[in-house]
Structures are given as C-alpha cells and as structure tokens.
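Read through the structure below, which is laid out as structure tokens, and then see the notes.
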Amino acid sequence: MIVAGRSDGEGVRLVLETEEAMLLSELADQVDSVLLLGEVDDPALGRLLPSAYPEDHAASQEFERYTRDSLVDGKRQAAQRVRDATASHEGERVVQIELDESEAWGWLTFLTDLRLILAERVGVIEEGDTESDETRDDYLRAAYEWAGFVQGSMLEVLDPISS
Amino acid sequence: MTSTLEELDLDTTTRVAADVPWQTVVWDDPVNLMTYVSYVFRSYFGFPRAEAERLMLCVHTEGRAIVATGNREAMERHVEAMHGYGLQATVSRAEP
C-alpha cells in the first residue's frame with residue numbers, strides 16, 4: 001500500500017496490492033451489510049449511530065426518526081464507493097485509485113465506520129474479554145490495525161502539518 | 001463550512017437571555033485517530049488549527065469537549081454531522 005499526494009496537489013493517490021484491494025472491497029461490502037441488515041440491537045450499529053440524547057429516551061428516538069435514514073444512506077454510499085473502487089481487479093498486480101478531497105472524505109468516514117464495527121466485534125472496548133475464536137479475532141484485529149494505518153497515511157497527505 | 005460558522009454566530013448573538021442554550025458535546029472514543037478528530041473539527045466547524053487541536057486534546061484527556069453552543073436545532077444538526085463522521089456526539093442543555 002502506497003499513499004501519496006496527487007500531482008495537482010489536491011486529494012490523495014492510493015496504490016494497493018491486488019490482495020489489499022480485494023480485502024478492502026470485502027470489508028466495505030460487510031460494512032454495507034451491517035448498515036443494511038443490522039439488527040436493531042447490534043452493538044456495532046450503536047457505535048455507527050449513537051444516541052444523541054443518552055439520558056432522554058423520547059428525545060433520542062425523535063432525533064433518530066429524523067436523522068437515521070440519511071445517516072445510513074451516507075454511510076452506505078461511502079462504503080459502496082470504496083467497495084466499487086477496489087472491486088474486481090483480477091489480473092492486475094496493483095490497483096491505483098485517485099481521490100479528490102471530497103472523495104477522500106468518503107474513504108476517511110468509511111474507514112472510521114469500519115474500525116468502529118471491527119472494534120465492537122473484536123471487543124477492543126472490553127479488555128480482558130477472553131474470546132474463544134482466536135483466529136477470527138486475530139483477523140479482525142489485523143484488519144482494524146490496517147484500516148487505521150490506511151486512514152493515518154491518508155491524513156498525513158491530506159493534513160500534513162498535524163501528522 | 002463558512003455558513004455553519006455564520007449560523008453559529010447568529011445563534012449566539014440573537015439569543016434572548018431567557019433562552020437556555022444547548023451544547024454539542026463530543027465524547028472520547030478509543031477507536032478514532034487523534035489526527036482524524038482534529039481534521040473533522042477543522043473541516044466541519046472551520047476552527048483554526050490550534051483550536052481544533054485544543055478541542056481534540058480536550059476530548060482525549062477530559063473524555064469530552066463542548067464544541068458548539070447555540071439553539072437546539074443547530075446543535076442537532078452538528079450532532080448529526082458528527083455521527084456522519086463516526087464521532088460520538090450528544091446534545092445537552094448548557095449549564096446555567
């Protein structure tokens with residue numbers, strides 16, 4: 001994975017190994033599925049769509065009624081764009097993706113949503129929790145770290161001074 | 001981004017004294033990168049870099065930061081936007 005600036009200065013250029021692109025496409029598809037099919041009590045959905053009024057159930061529900069659909073739409077669109085940009089590059093050794101600043105925001109928010117879901121699934125929050133399926137956890141943890149690396153690298157290009 | 005700041009100023013200056021203002025609170029989340037939170041604050045609220053960094057560090061060290069104050073509708077718009085970015089944000093009544 002290479003993350004670099006674009007020649008015209010705006011946005012970011014990504015070069016992914018084919019395997020990385022396939023992994024990202026698969027993860028993006030899973031994020032889309034969580035948003036589309038997620039059960040109401042799925043804690044991962046709770047991380048993506050937290051309560052605006054944790055101490056006021058009625059206000060919280062009212063807020064959710066007005067905002068949920070457009071938030072879900074926006075997050076699904078971001079995930080779908082990443083999925084489509086990284087999908088089906090069989091036969092090519094690397095996948096090159098150019099993003100302008102607005103497209104890069106879609107990737108940044110997608111990577112955040114992905115990490116929130118992975119953190120919930122692997123239990124980053126519940127330290128000391130002994131998960132029996134260690135292989136699955138290792139895979140999720142590696143994906144979590146990698147998504148953070150990609151996001152951090154993109155921010156170094158998009159926002160150089162703070163990094 | 002500029003329009004958001006202007007609305008915010010208007011909300012603050014035209015508020016009558018009897019109105020209790022509301023707040024947008026962003027909460028710490030071990031998942032989000034500090035550079036990301038700071039970049040969101042700058043891009044969305046239009047904060048200067050130093051202010052965005054201060055608020056981000058406040059979230060990180062204090063567990064929360066008040067990033068905006070104003071009328072309830074404006075705060076709900078901000079919280080919706082923060083949720084869009086994947087940040088944990090809530091609306092609350094400002095302390096009198």
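Residues are named by chain letter and number: chains run A, B, ... in the order of the structure tokens, numbers start at 1 in each chain, and ligands are numbered from 1 in the order shown.
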
Would you mind listing, as a PyMOL selection string, all residues of chain A that have at least one atom within 8 Å of chain B, where only C-alpha atoms are what counts?
chain A and resi 47-54+63+67+71+74-75+109+112-113+115-116+119+125+148+152+155+159+162-163

So that I can see what lies close to Gln96 of chain A, please list as a PyMOL selection string the residues with an atom at most 8 Å from it, counting only C-alpha atoms and leaving out residues fewer than 6 positions away in the same chain.
chain A and resi 13-16

Fewer than 2 positions away in the same chain doesn't count, so skip those; otherwise give me all residues within 12 Å of Val34 of chain A, counting only C-alpha atoms, as a VMD selection string.
chain A and resid 27 to 32 36 to 49 72 75 to 76 79 113 to 114 116 to 118 121

From a backbone DSSP assignment, name each residue in segment 15-112 of chain A labelled alpha helix (DSSP H), as JSON, numbers by chain.
{"A": [18, 19, 20, 21, 22, 23, 24, 25, 26, 27, 28, 29, 30, 31, 32, 33, 34, 35, 36, 37, 43, 44, 45, 46, 47, 48, 57, 58, 59, 60, 61, 62, 63, 64, 65, 66, 67, 68, 69, 70, 71, 72, 73, 74, 75, 76, 77, 78, 79, 80, 81, 82, 83, 84, 85, 86, 101, 102, 103, 104, 105, 106, 107, 108, 109, 110, 111, 112]}

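Minimum atom-to-atom distance to Ser102 of chain A, evaluated using only C-alpha atoms, belongs to B:Ser43 out of B:Val37, B:Ser43, B:Val26, B:Thr61.
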
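A straight line drawn from atom CA of Arg72 of chain B to atom CA of Pro96 of chain B is 15.1 Å long.
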
Selection: 9 Å around Glu19 of chain A, only C-alpha atoms, excl. self and same-chain fewer than 3 positions, as a list in words:
Leu16, Met22, Leu23, Leu24, Arg93 and Val94 of chain A

How would the residues just picked look written out with N, CA and C atoms as an mmCIF file, in the first residue's frame?
data_model
loop_
_atom_site.group_PDB
_atom_site.id
_atom_site.type_symbol
_atom_site.label_atom_id
_atom_site.label_comp_id
_atom_site.auth_asym_id
_atom_site.auth_seq_id
_atom_site.Cartn_x
_atom_site.Cartn_y
_atom_site.Cartn_z
ATOM 1 N N LEU A 16 -2.677 0.127 -4.205
ATOM 2 C CA LEU A 16 -2.888 -1.067 -3.389
ATOM 3 C C LEU A 16 -2.452 -2.315 -4.136
ATOM 4 N N MET A 22 -8.712 -6.387 -2.713
ATOM 5 C CA MET A 22 -9.767 -7.384 -2.526
ATOM 6 C C MET A 22 -10.245 -7.414 -1.081
ATOM 7 N N LEU A 23 -9.293 -7.305 -0.152
ATOM 8 C CA LEU A 23 -9.650 -7.287 1.269
ATOM 9 C C LEU A 23 -10.522 -6.068 1.583
ATOM 10 N N LEU A 24 -10.109 -4.914 1.076
ATOM 11 C CA LEU A 24 -10.845 -3.683 1.339
ATOM 12 C C LEU A 24 -12.248 -3.755 0.745
ATOM 13 N N ARG A 93 -1.585 -6.353 -11.036
ATOM 14 C CA ARG A 93 -0.733 -6.532 -9.862
ATOM 15 C C ARG A 93 -1.031 -5.484 -8.795
ATOM 16 N N VAL A 94 -1.296 -4.264 -9.244
ATOM 17 C CA VAL A 94 -1.644 -3.211 -8.286
ATOM 18 C C VAL A 94 -2.896 -2.482 -8.767
#

Between atom CA of Ile161 of chain A and atom CA of Met56 of chain B, what is the spacing in Å?
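Separation of atom CA of Met56 of chain B and atom CA of Ile161 of chain A: 15.2 Å.
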
Expressed in Å to a single decimal, how great is the separation between atom CA of Val82 of chain A and atom CA of Arg68 of chain A?
21.3 Å

DSSP on the backbone, strand (DSSP E) only: what residues of segment 16-146 of chain A does that give? Format it as a list of chain:residue names.
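Those in segment 16-146 of chain A that DSSP calls strand (DSSP E) are A:Leu16, A:Glu17, A:Val94, A:Val95, A:Gln96, A:Ile97, A:Glu98, A:Leu99.
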
Identify which of the residues B:Ala74, B:Arg93, B:Gly46, B:Trp27 lies closest to Glu62 of chain B, counting only C-alpha atoms when measuring atom-to-atom distances.
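Between B:Ala74, B:Arg93, B:Gly46, B:Trp27, the residue approaching Glu62 of chain B most closely is B:Trp27.
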